[in-house]
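K.L.:
Got a structure here, written out as C-alpha cells. Questions coming.
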Amino acid sequence: MSSGSRLAEPGPLLDPTVPADTAVPAVPADIEASCGHPDGVRATARIRATYNGRVTTLPQLRSDGPFHLRRVRTGGRAATVGIIGAMSAPLGGDRLALDVTAEERAELEVTTAAATLALRGPTTAPATYDVRLTAGEHACLRWLPQPLISAAGSNLRQTCTVTLAATSRLLLREEQILGRSDEKPGHLVSRIRVHHAGRLLLDQQTAYGDPAPGWDGPSVLDGHRAVGQLLVVKPDLDIGRAPVLLRNGIKDGCAVLAPLAGGPALLATAVAPASSALRELLDEALGHALGEQ
C-alpha cells in the first residue's frame, strides 16, 4: 500500500493479526480524487442529540471526509450512532475532528464499525484526530469506539476533550493497539482531558513508539502491545472505595481501577498482550465500577 493511498473499503488491514504486506484492492479514481490536499484531509463530522420528552433524536448528523455517520436502530429512549470509515484515515498530514454533543436529558451512544488504522502518509507531518465530547445536564453519553491501531511508520496525535455538566453521565472506553502482526508500532501520542461541572477532572497524556523515551520499558508497557482506558462518571458513583488491581501477570496483562479526586469518577488503565485480552480487562473493570462484581 502506498503511503498516500485512500481506500473506500480498508478491508483486511483493519485486522491487527493480518501481516502488514497483505495485498489490498486498487484505489478507485473517485476516492483518490476526493482526498483533497496532498498533505492530508481536513474533515470535521458532527453529532448532536436532543431529548424530545419521549426519546432521543438526532437533529444533526453531519458526515465529512472519512467519517460516514449512520444511526443504528435500537429500542428505548437512547440513540446510537455508528461511524463507518469512508476511506483510509488517519494518514500523515490529516486533520480530523469529531464533535459529539448530548444535550440535556439525551442518551447517546457512539461507536465505530471497525478499528481505526493510523498509517504513514505522503508527508512526514503528524496526523491529528480530535474527539470533542459534550454532555448536558442529566444527559448520558457513551463513547465506545473500536481500537485504534498504530501501524509502522505512522505518526498520530490523538486528543479526546470531554465537557460534562454536574449531573451528566459518561462511559468512555479507548483502546490502542501498538503495531499490526510482526511489526513495530508507529508514534502515537494520546491525550484525554475531562472537565466536570467546570472543573478539571482528568488530564492524562501518553506516548508510545519511537522516539518516545522508555515507552516499552518495565515501568510502562513491559512488552505489552495493547493499552486502554475506561472512564466512568456518574453523580451517584461510589468513589470511597480503594483502588482495585485486576489480574497481575505478563501473560494476560493487568489493569488498575481507581477513583479520581474531585469528582464522581472511576478510571481504569489496562495493558495486555493483545486486543482480546485488553477488552476482557476493561469489561471486568466496568463490572467492578458499576458494582456488579
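Scheme for the C-alpha cells: letters A, B, ... for chains in order shown; per-chain residue numbers from 1; ligand numbers from 1 in order shown.
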What's the 10 Å shell around Glu284 in chain A, counting only C-alpha atoms, without same-chain residues fewer than 2 positions away, as a list in words?
P.N.:
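My list of contacting residues is Leu246, Ala255, Leu257, Ala268, Leu278, Arg279, Glu280, Leu281, Leu282, Leu286, Gly287, His288, Ala289, Glu292 and Gln293 of chain A.
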K.L.:
Taking the backbone alone, and naming residues the way the document does, which bits of range 122-210 of chain A are strand (DSSP E) by DSSP, as a PyMOL selection string?
P.N.:
chain A and resi 127-135+140-144+148-150+155-164+169-178+187-196+199-208
K.L.:
Let's have the selection written as a short mmCIF file (atom, residue, chain, number, x, y, z; two decimals), in the first residue's frame, with C-alpha atoms.
P.N.:
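Result went into part-v8.cif, see below:
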data_model
loop_
_atom_site.label_atom_id
_atom_site.label_comp_id
_atom_site.auth_asym_id
_atom_site.auth_seq_id
_atom_site.Cartn_x
_atom_site.Cartn_y
_atom_site.Cartn_z
CA ALA A 127 -1.88 13.36 11.63
CA THR A 128 -4.26 14.76 14.23
CA TYR A 129 -7.53 13.22 15.35
CA ASP A 130 -9.51 15.37 17.80
CA VAL A 131 -12.62 13.98 19.50
CA ARG A 132 -14.73 16.51 21.40
CA LEU A 133 -17.48 15.13 23.66
CA THR A 134 -20.07 17.29 25.46
CA ALA A 135 -22.90 16.17 27.76
CA CYS A 140 -25.87 10.18 29.27
CA LEU A 141 -23.03 9.84 26.75
CA ARG A 142 -21.23 6.62 25.88
CA TRP A 143 -18.11 6.81 23.68
CA LEU A 144 -17.23 3.22 22.75
CA LEU A 148 -7.03 2.40 17.26
CA ILE A 149 -4.16 0.55 15.55
CA SER A 150 -0.83 2.37 15.31
CA ASN A 155 2.63 9.47 13.35
CA LEU A 156 -0.61 10.38 15.13
CA ARG A 157 -1.62 12.93 17.75
CA GLN A 158 -4.98 11.91 19.20
CA THR A 159 -6.91 14.02 21.70
CA CYS A 160 -10.21 13.44 23.47
CA THR A 161 -11.67 16.53 25.16
CA VAL A 162 -14.73 15.98 27.35
CA THR A 163 -17.01 18.61 28.88
CA LEU A 164 -19.58 17.35 31.39
CA ARG A 169 -23.09 10.63 32.96
CA LEU A 170 -20.22 9.35 30.87
CA LEU A 171 -18.85 5.97 29.84
CA LEU A 172 -15.66 6.29 27.80
CA ARG A 173 -13.55 3.44 26.52
CA GLU A 174 -10.45 3.86 24.39
CA GLU A 175 -8.09 1.12 23.21
CA GLN A 176 -4.79 1.39 21.36
CA ILE A 177 -3.06 -1.50 19.58
CA LEU A 178 0.63 -0.83 19.01
CA HIS A 187 4.49 7.04 17.01
CA LEU A 188 1.27 7.65 18.94
CA VAL A 189 0.57 10.48 21.37
CA SER A 190 -2.82 10.25 23.07
CA ARG A 191 -4.36 12.77 25.47
CA ILE A 192 -7.62 12.66 27.44
CA ARG A 193 -8.80 15.87 29.09
CA VAL A 194 -12.06 15.93 31.07
CA HIS A 195 -13.88 18.86 32.69
CA HIS A 196 -16.75 18.13 35.09
CA ARG A 199 -13.55 21.84 36.99
CA LEU A 200 -10.69 19.81 35.58
CA LEU A 201 -11.25 16.16 36.45
CA LEU A 202 -8.60 14.39 34.37
CA ASP A 203 -5.70 15.38 32.14
CA GLN A 204 -3.71 12.36 31.00
CA GLN A 205 -1.22 12.08 28.15
CA THR A 206 0.65 9.01 26.94
CA ALA A 207 3.21 8.49 24.18
CA TYR A 208 4.19 5.22 22.52
#
K.L.:
Which residue gives the smallest distance to Ala274 in chain A among A:Ala197, A:Ala89, A:Cys254, A:Val232, with only C-alpha atoms counted?
P.N.:
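Using only C-alpha atoms, Ala274 in chain A sits closest to A:Cys254.
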K.L.:
Using only C-alpha atoms, which of the listed residues (A:Gly263, A:Glu109, A:Pro273, A:Ile239) sits closest to Lys251 in chain A?
P.N.:
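So, comparing all the options, the nearest one is A:Pro273.
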K.L.:
Might you pull out every residue within 7 Å of range 44-56 of chain A, with only C-alpha atoms counted and same-chain residues fewer than 4 positions away left off, and present them as a ChimeraX atom specification?
P.N.:
/A:60-64,67,77-79,96-108
K.L.:
Quick one: of A:Pro213, A:Gly121, A:Gly40, A:Pro145, who's nearest to Ile83 in chain A, counting only C-alpha atoms?
P.N.:
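So, comparing all the options, the nearest one is A:Pro145.
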K.L.:
Tell me, in Å to one decimal, how far CA of Pro122 in chain A is from CA of Ala86 in chain A.
P.N.:
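Those two atoms sit 18.8 Å apart.
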K.L.:
Go ahead and compute the interatomic distance for CA of Gly228 in chain A and CA of Ala272 in chain A, in Å to one decimal.
P.N.:
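One can read the CA of Gly228 in chain A to CA of Ala272 in chain A distance as 8.7 Å.
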K.L.:
Restricting the calculation to only C-alpha atoms: of A:Gly240, A:Gly198, A:Pro259, A:Gly179, which residue gets closest to His224 in chain A?
P.N.:
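Closest residue, counting only C-alpha atoms: A:Gly179.
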